[in-house]
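Data from model.cif: mmCIF, C-alpha atoms and all ligand atoms
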data_entry
#
loop_
_atom_site.label_atom_id
_atom_site.label_comp_id
_atom_site.auth_asym_id
_atom_site.auth_seq_id
_atom_site.Cartn_x
_atom_site.Cartn_y
_atom_site.Cartn_z
CA GLU A 1 0.00 0.00 0.00
CA LEU A 2 1.69 3.16 -1.22
CA ILE A 3 1.00 6.72 -0.21
CA TRP A 4 1.34 8.11 -3.71
CA GLN A 5 -1.54 5.96 -4.89
CA LYS A 6 -3.94 7.85 -2.62
CA SER A 7 -3.35 11.15 -4.31
CA LYS A 8 -6.35 11.40 -6.61
CA CYS A 9 -8.46 13.96 -4.75
CA GLY A 10 -9.10 15.69 -1.45
CA SER A 11 -7.18 18.21 0.55
CA PRO A 12 -3.50 17.44 0.85
CA PHE A 13 -3.82 18.44 4.47
CA SER A 14 -6.55 16.00 5.42
CA ALA A 15 -5.40 13.25 7.75
CA LYS A 16 -5.81 10.74 4.95
CA TYR A 17 -3.08 12.39 2.93
CA MET A 18 -0.69 13.06 5.76
CA PRO A 19 0.13 9.52 6.82
CA MET A 20 3.28 9.40 8.88
CA LYS A 21 4.82 6.27 7.66
CA LYS A 22 8.25 4.86 8.19
CA HIS A 23 9.78 3.73 4.99
CA GLU A 24 13.32 2.43 5.17
CA ASN A 25 14.00 4.72 8.13
CA ILE A 26 12.57 7.77 6.39
CA LEU A 27 9.54 9.30 8.05
CA VAL A 28 7.22 9.99 5.13
CA PHE A 29 4.76 12.79 5.89
CA GLY A 30 3.06 12.41 2.52
CA ASN A 31 4.43 15.78 1.46
CA PRO A 32 1.76 17.12 -0.90
CA ALA A 33 4.33 18.12 -3.49
CA ALA A 34 5.67 14.59 -3.63
CA VAL A 35 2.22 13.03 -3.53
CA TYR A 36 0.66 15.23 -6.17
CA ASN A 37 3.53 15.21 -8.59
CA PRO A 38 4.61 11.60 -9.03
CA GLN A 39 6.58 12.70 -12.10
CA MET A 40 8.94 14.69 -9.89
CA THR A 41 10.93 11.74 -8.75
CA VAL A 42 14.52 11.72 -7.66
CA GLY A 43 16.76 10.15 -10.27
CA GLU A 44 14.15 10.72 -12.99
CA PRO A 45 13.46 12.06 -15.51
CA TYR A 46 17.01 13.25 -15.80
CA LYS A 47 18.45 10.00 -14.42
CA ARG A 48 20.88 11.38 -11.91
CA LYS A 49 22.87 8.49 -10.50
CA TRP A 50 22.71 7.87 -6.79
CA THR A 51 26.32 7.38 -5.82
CA PRO A 52 27.12 6.13 -2.35
CA ASN A 53 29.76 8.76 -1.49
CA LYS A 54 27.55 10.73 0.88
CA ILE A 55 25.30 9.29 3.56
CA ASN A 56 22.22 11.03 2.28
CA ASN A 57 23.45 10.86 -1.27
CA MET A 58 22.06 14.13 -2.49
CA LYS A 59 23.31 17.42 -3.81
CA ILE A 60 21.71 20.81 -3.21
CA ALA A 61 22.36 24.11 -5.00
CA VAL A 62 21.95 27.38 -3.12
CA ILE A 63 21.25 30.32 -5.44
CA GLN A 64 21.29 33.89 -4.13
CA GLY A 65 19.94 36.84 -6.06
CA PRO A 66 20.90 40.51 -6.32
CA ASN A 67 22.18 42.53 -3.37
CA LEU A 68 22.40 39.51 -1.08
CA ASN A 69 26.18 39.92 -1.28
CA MET A 70 25.50 43.13 0.67
CA LEU A 71 24.01 41.41 3.71
CA ALA A 72 25.25 42.92 7.00
CA VAL A 73 25.79 46.19 5.13
CA ARG A 74 22.39 46.85 3.53
CA GLU A 75 19.32 47.77 5.61
CA GLN A 76 20.39 45.93 8.73
CA HIS A 77 17.09 46.69 10.47
CA ILE A 78 15.43 44.48 7.82
CA TYR A 79 18.05 41.89 6.89
CA GLY A 80 20.13 41.69 10.07
CA GLY A 81 23.87 41.81 10.61
CA VAL A 82 24.90 38.39 9.36
CA THR A 83 26.95 38.21 6.16
CA LEU A 84 26.18 35.92 3.25
CA GLU A 85 29.49 34.16 3.89
CA GLN A 86 28.41 33.45 7.47
CA ILE A 87 25.06 32.08 6.29
CA HIS A 88 26.83 29.86 3.77
CA ALA A 89 29.35 28.65 6.35
CA GLN A 90 26.48 27.67 8.63
CA LEU A 91 24.70 25.91 5.75
CA GLN A 92 27.89 24.05 4.81
CA ASN A 93 28.15 22.88 8.40
CA ALA A 94 24.55 21.68 8.50
CA ALA A 95 24.96 19.98 5.11
CA ASP A 96 28.10 18.19 6.33
CA GLN A 97 26.29 17.01 9.44
CA ASN A 98 23.51 15.62 7.26
CA GLY A 99 25.90 14.10 4.76
CA VAL A 100 24.65 16.09 1.80
CA GLU A 101 26.63 17.97 -0.80
CA ILE A 102 25.93 21.67 -1.15
CA GLU A 103 27.17 24.42 -3.45
CA PHE A 104 26.69 28.17 -3.39
CA PHE A 105 26.12 30.79 -6.06
CA GLN A 106 25.31 34.50 -5.92
CA SER A 107 24.66 36.86 -8.81
CA ASN A 108 23.29 40.32 -9.39
CA PHE A 109 22.33 39.40 -12.96
CA GLU A 110 19.05 37.79 -13.93
CA GLY A 111 20.48 35.88 -16.92
CA GLU A 112 23.27 34.41 -14.82
CA ILE A 113 20.71 33.14 -12.34
CA VAL A 114 18.71 31.58 -15.19
CA ASP A 115 21.93 29.92 -16.47
CA ARG A 116 22.76 28.58 -13.02
CA ILE A 117 19.26 27.11 -12.61
CA GLN A 118 19.51 25.42 -16.01
CA GLU A 119 22.87 23.91 -15.01
CA CYS A 120 21.13 22.23 -12.08
CA LEU A 121 19.41 19.79 -14.43
CA GLY A 122 21.11 16.44 -14.02
CA THR A 123 23.73 17.78 -11.63
CA VAL A 124 21.83 18.50 -8.41
CA ASP A 125 18.72 17.10 -6.72
CA GLY A 126 17.19 20.21 -5.24
CA ILE A 127 17.47 24.00 -5.24
CA MET A 128 17.26 26.54 -2.45
CA ILE A 129 16.86 29.99 -3.93
CA ASN A 130 16.43 33.53 -2.70
CA PRO A 131 15.76 35.40 -5.95
CA ALA A 132 15.70 38.64 -3.90
CA ALA A 133 14.18 41.56 -5.89
CA TYR A 134 13.79 39.29 -8.95
CA SER A 135 11.17 37.35 -6.97
CA HIS A 136 8.79 40.18 -7.69
CA THR A 137 9.63 40.69 -11.36
CA SER A 138 11.21 37.70 -13.04
CA ILE A 139 9.11 35.42 -15.20
CA ALA A 140 12.41 34.16 -16.67
CA ILE A 141 13.56 32.80 -13.29
CA ARG A 142 10.13 31.34 -12.63
CA ASP A 143 10.23 29.56 -16.02
CA ALA A 144 13.77 28.26 -15.45
CA LEU A 145 12.74 26.76 -12.11
CA ALA A 146 9.70 25.16 -13.73
CA ALA A 147 11.88 23.80 -16.55
CA VAL A 148 14.27 21.89 -14.30
CA ASN A 149 11.30 20.34 -12.45
CA MET A 150 12.92 19.46 -9.16
CA PRO A 151 12.26 20.29 -5.50
CA VAL A 152 12.74 24.03 -4.94
CA VAL A 153 12.58 25.96 -1.69
CA GLU A 154 12.30 29.75 -1.99
CA VAL A 155 13.70 31.62 0.99
CA HIS A 156 13.23 35.25 2.03
CA ILE A 157 15.06 36.70 4.97
CA SER A 158 12.35 39.27 5.67
CA ASN A 159 8.64 38.58 5.82
CA ILE A 160 7.66 39.82 2.36
CA TYR A 161 3.96 39.88 3.33
CA LYS A 162 4.67 42.47 6.01
CA ARG A 163 6.41 44.84 3.63
CA GLU A 164 5.62 47.18 0.71
CA GLU A 165 2.82 46.03 -1.54
CA TYR A 166 5.17 45.44 -4.49
CA ARG A 167 7.08 42.88 -2.41
CA GLN A 168 4.01 40.98 -1.32
CA LYS A 169 3.79 38.99 -4.52
CA SER A 170 6.47 36.54 -5.53
CA ILE A 171 6.32 35.57 -9.20
CA THR A 172 9.05 32.97 -8.77
CA ALA A 173 7.33 31.27 -5.81
CA GLY A 174 4.83 29.69 -8.20
CA SER A 175 7.63 27.40 -9.38
CA SER A 176 8.74 26.39 -5.90
CA THR A 177 7.74 23.49 -3.73
CA GLY A 178 7.42 25.80 -0.74
CA VAL A 179 8.40 29.21 0.59
CA ILE A 180 10.07 30.23 3.85
CA THR A 181 9.80 33.92 4.64
CA GLY A 182 10.52 36.10 7.64
CA PHE A 183 12.87 33.99 9.76
CA GLY A 184 16.03 35.91 9.01
CA GLY A 185 19.16 33.95 8.12
CA PHE A 186 17.71 30.98 9.99
CA GLY A 187 15.26 30.62 7.12
CA TYR A 188 18.08 29.09 5.06
CA HIS A 189 18.59 26.44 7.71
CA LEU A 190 14.86 25.68 7.64
CA GLY A 191 15.07 25.58 3.85
CA LEU A 192 17.89 23.06 3.91
CA ILE A 193 16.09 20.76 6.34
CA SER A 194 12.91 21.00 4.24
CA LEU A 195 14.78 20.10 1.06
CA ILE A 196 16.52 17.12 2.64
CA GLN A 197 13.19 15.85 3.98
CA MET A 198 11.51 16.40 0.63
CA LEU A 199 14.26 14.59 -1.29
CA ASN A 200 14.22 11.69 1.16
CA GLU A 201 10.47 11.36 0.77
CA LEU A 202 10.68 11.44 -3.00
CA LYS A 203 13.37 8.80 -2.96
CA ALA A 204 11.39 6.59 -0.60
CA LEU A 205 8.27 6.89 -2.74
CA ASN A 206 10.28 6.34 -5.89
CA ASP A 207 11.93 3.22 -4.44
CA ALA A 208 8.57 1.91 -3.25
CA ARG A 209 7.04 2.48 -6.67
CA ASN A 210 9.93 0.79 -8.44
CA ALA A 211 9.69 -2.18 -6.08
CA GLN A 212 5.97 -2.44 -6.82
CA ILE A 213 6.51 -2.27 -10.59
CA GLN A 214 9.21 -4.94 -10.30
CA ALA A 215 6.91 -7.18 -8.24
CA GLN A 216 4.09 -6.71 -10.75
CA THR A 217 6.36 -7.55 -13.68
CA GLN A 218 7.57 -10.68 -11.93
CA GLU A 219 3.96 -11.66 -11.25
CA GLU A 220 3.00 -11.12 -14.90
CA ASN A 221 5.95 -13.17 -16.13
CA LYS A 222 5.05 -16.17 -14.00
C1 LIG B 301 14.39 39.49 0.01
C2 LIG B 301 13.12 40.35 -0.11
C3 LIG B 301 13.09 41.09 -1.43
O1 LIG B 301 11.91 41.88 -1.51
C4 LIG B 301 14.28 42.01 -1.53
O2 LIG B 301 14.30 42.63 -2.78
C5 LIG B 301 15.57 41.33 -1.25
C6 LIG B 301 15.64 40.32 -0.20
C7 LIG B 301 14.53 38.81 1.39
O3 LIG B 301 15.33 37.91 1.49
O4 LIG B 301 13.85 39.21 2.36
O5 LIG B 301 16.59 41.70 -1.79
O6 LIG B 301 14.34 38.46 -0.95
#

Before anything else, please render the file you have as structure tokens.
Amino acid sequence: ELIWQKSKCGSPFSAKYMPMKKHENILVFGNPAAVYNPQMTVGEPYKRKWTPNKINNMKIAVIQGPNLNMLAVREQHIYGGVTLEQIHAQLQNAADQNGVEIEFFQSNFEGEIVDRIQECLGTVDGIMINPAAYSHTSIAIRDALAAVNMPVVEVHISNIYKREEYRQKSITAGSSTGVITGFGGFGYHLGLISLIQMLNELKALNDARNAQIQAQTQEENK
């Protein structure tokens, strides 16, 4: 009995769709994004190989948009006094502890961010992105994220819903699995944990589905 088979209708938040199930030591919460999008499976469609060099065997790209290189200098009352380097060092630490690979990228140019997202196809398993001001303007970044079709967490340091009206809509968020906003630099830590959980769930569901297909094929060939 597989969770992803129960995904036909109903609220993703109803108890029925939030079964906490242990699958090969991964607590599967029936993450709606995994349940509703069975196509978005780890290792497919771009067939990234799962190599056993890291415990969790996954790679995450962190992409930072314009002016985030100015953290701890720019508007400290909004973005705090922690530098981007410090945030990345903390993320590297957390990634090491969880046995996942992580790489960092920052650009002030929209096209470079689009290029970096495209490069993620077949090379990483999930993306954590703060598109910064481009969140509110960039259809190109939204489309790039949709094109690579993998788990994406959008992070904002400030709570964009508490700010100017033009910041209250994120165009790019529509291509993300989920959004974390308003927790300061700690939001990146939350984002990392969410991505690892999400990727583990997808892998568990993918493995379970493959095992079921294999069992069915064996049955048919009897
Ligand atoms: C931001 C919010 C954006 O509105 C702003 O343009 C940024 C940072 C945040 O992290 O809170 O540069 O994305």

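Compared by their closest atoms to ligand LIG 301 (chain B), and using all atoms listed in the file, the residues A:Gln212, A:Gln118, A:Thr172, A:Asn93 rank with A:Thr172 nearest.
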
Each residue of chain A lying at most 7 Å from ligand LIG 301 (chain B) should get a row with its shortest atom-to-atom pair and the distance in Å to one decimal, counting all atoms listed in the file; could you produce that, ordered by chain and increasing number, as a tab-separated table?
residue	atom	partner	partner_atom	distance
A:Pro66	CA	B:LIG301	O5	6.4
A:Asn67	CA	B:LIG301	O5	5.9
A:Leu68	CA	B:LIG301	O5	6.2
A:Tyr79	CA	B:LIG301	O4	6.7
A:Asn130	CA	B:LIG301	O6	5.6
A:Pro131	CA	B:LIG301	O6	6.0
A:Ala132	CA	B:LIG301	O6	3.3
A:Ala133	CA	B:LIG301	O2	3.3
A:Ser135	CA	B:LIG301	O6	6.9
A:Val155	CA	B:LIG301	O3	6.5
A:His156	CA	B:LIG301	O3	3.4
A:Ile157	CA	B:LIG301	O3	3.7
A:Ser158	CA	B:LIG301	O4	3.6
A:Asn159	CA	B:LIG301	O4	6.3
A:Ile160	CA	B:LIG301	C2	6.0
A:Arg167	CA	B:LIG301	O1	5.0
A:Gly182	CA	B:LIG301	O4	7.0

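With atom CA of Glu112 of chain A on one side and atom CA of Pro151 of chain A on the other, the separation reads 20.2 Å.
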
TODO: Mind checking which residues fall within 12 Å of Ala89 of chain A, counting only C-alpha atoms, ignoring those fewer than 6 positions away in the same chain, and posting them as a list in words?
DONE: Val82, Thr83, Ala95, Asp96, Ile102, Glu103, Phe104, Gly185, Tyr188 and His189 of chain A

I need the chosen residues saved as a CSV table (one decimal), keeping the file's coordinate frame, with C-alpha atoms.
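Below you can see out-v4.csv, which holds the result:
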chain,number,residue,atom,x,y,z
A,82,VAL,CA,24.9,38.4,9.4
A,83,THR,CA,27.0,38.2,6.2
A,95,ALA,CA,25.0,20.0,5.1
A,96,ASP,CA,28.1,18.2,6.3
A,102,ILE,CA,25.9,21.7,-1.2
A,103,GLU,CA,27.2,24.4,-3.4
A,104,PHE,CA,26.7,28.2,-3.4
A,185,GLY,CA,19.2,34.0,8.1
A,188,TYR,CA,18.1,29.1,5.1
A,189,HIS,CA,18.6,26.4,7.7

- [ ] Determine the nearest neighbour of Met198 of chain A from the options A:Glu101, A:Asp115, A:Glu75, A:Asp125, counting all atoms listed in the file.
- [x] A:Asp125

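Rounded to one decimal, atom CA of Ala204 of chain A and atom CA of Phe183 of chain A lie 29.3 Å from each other.
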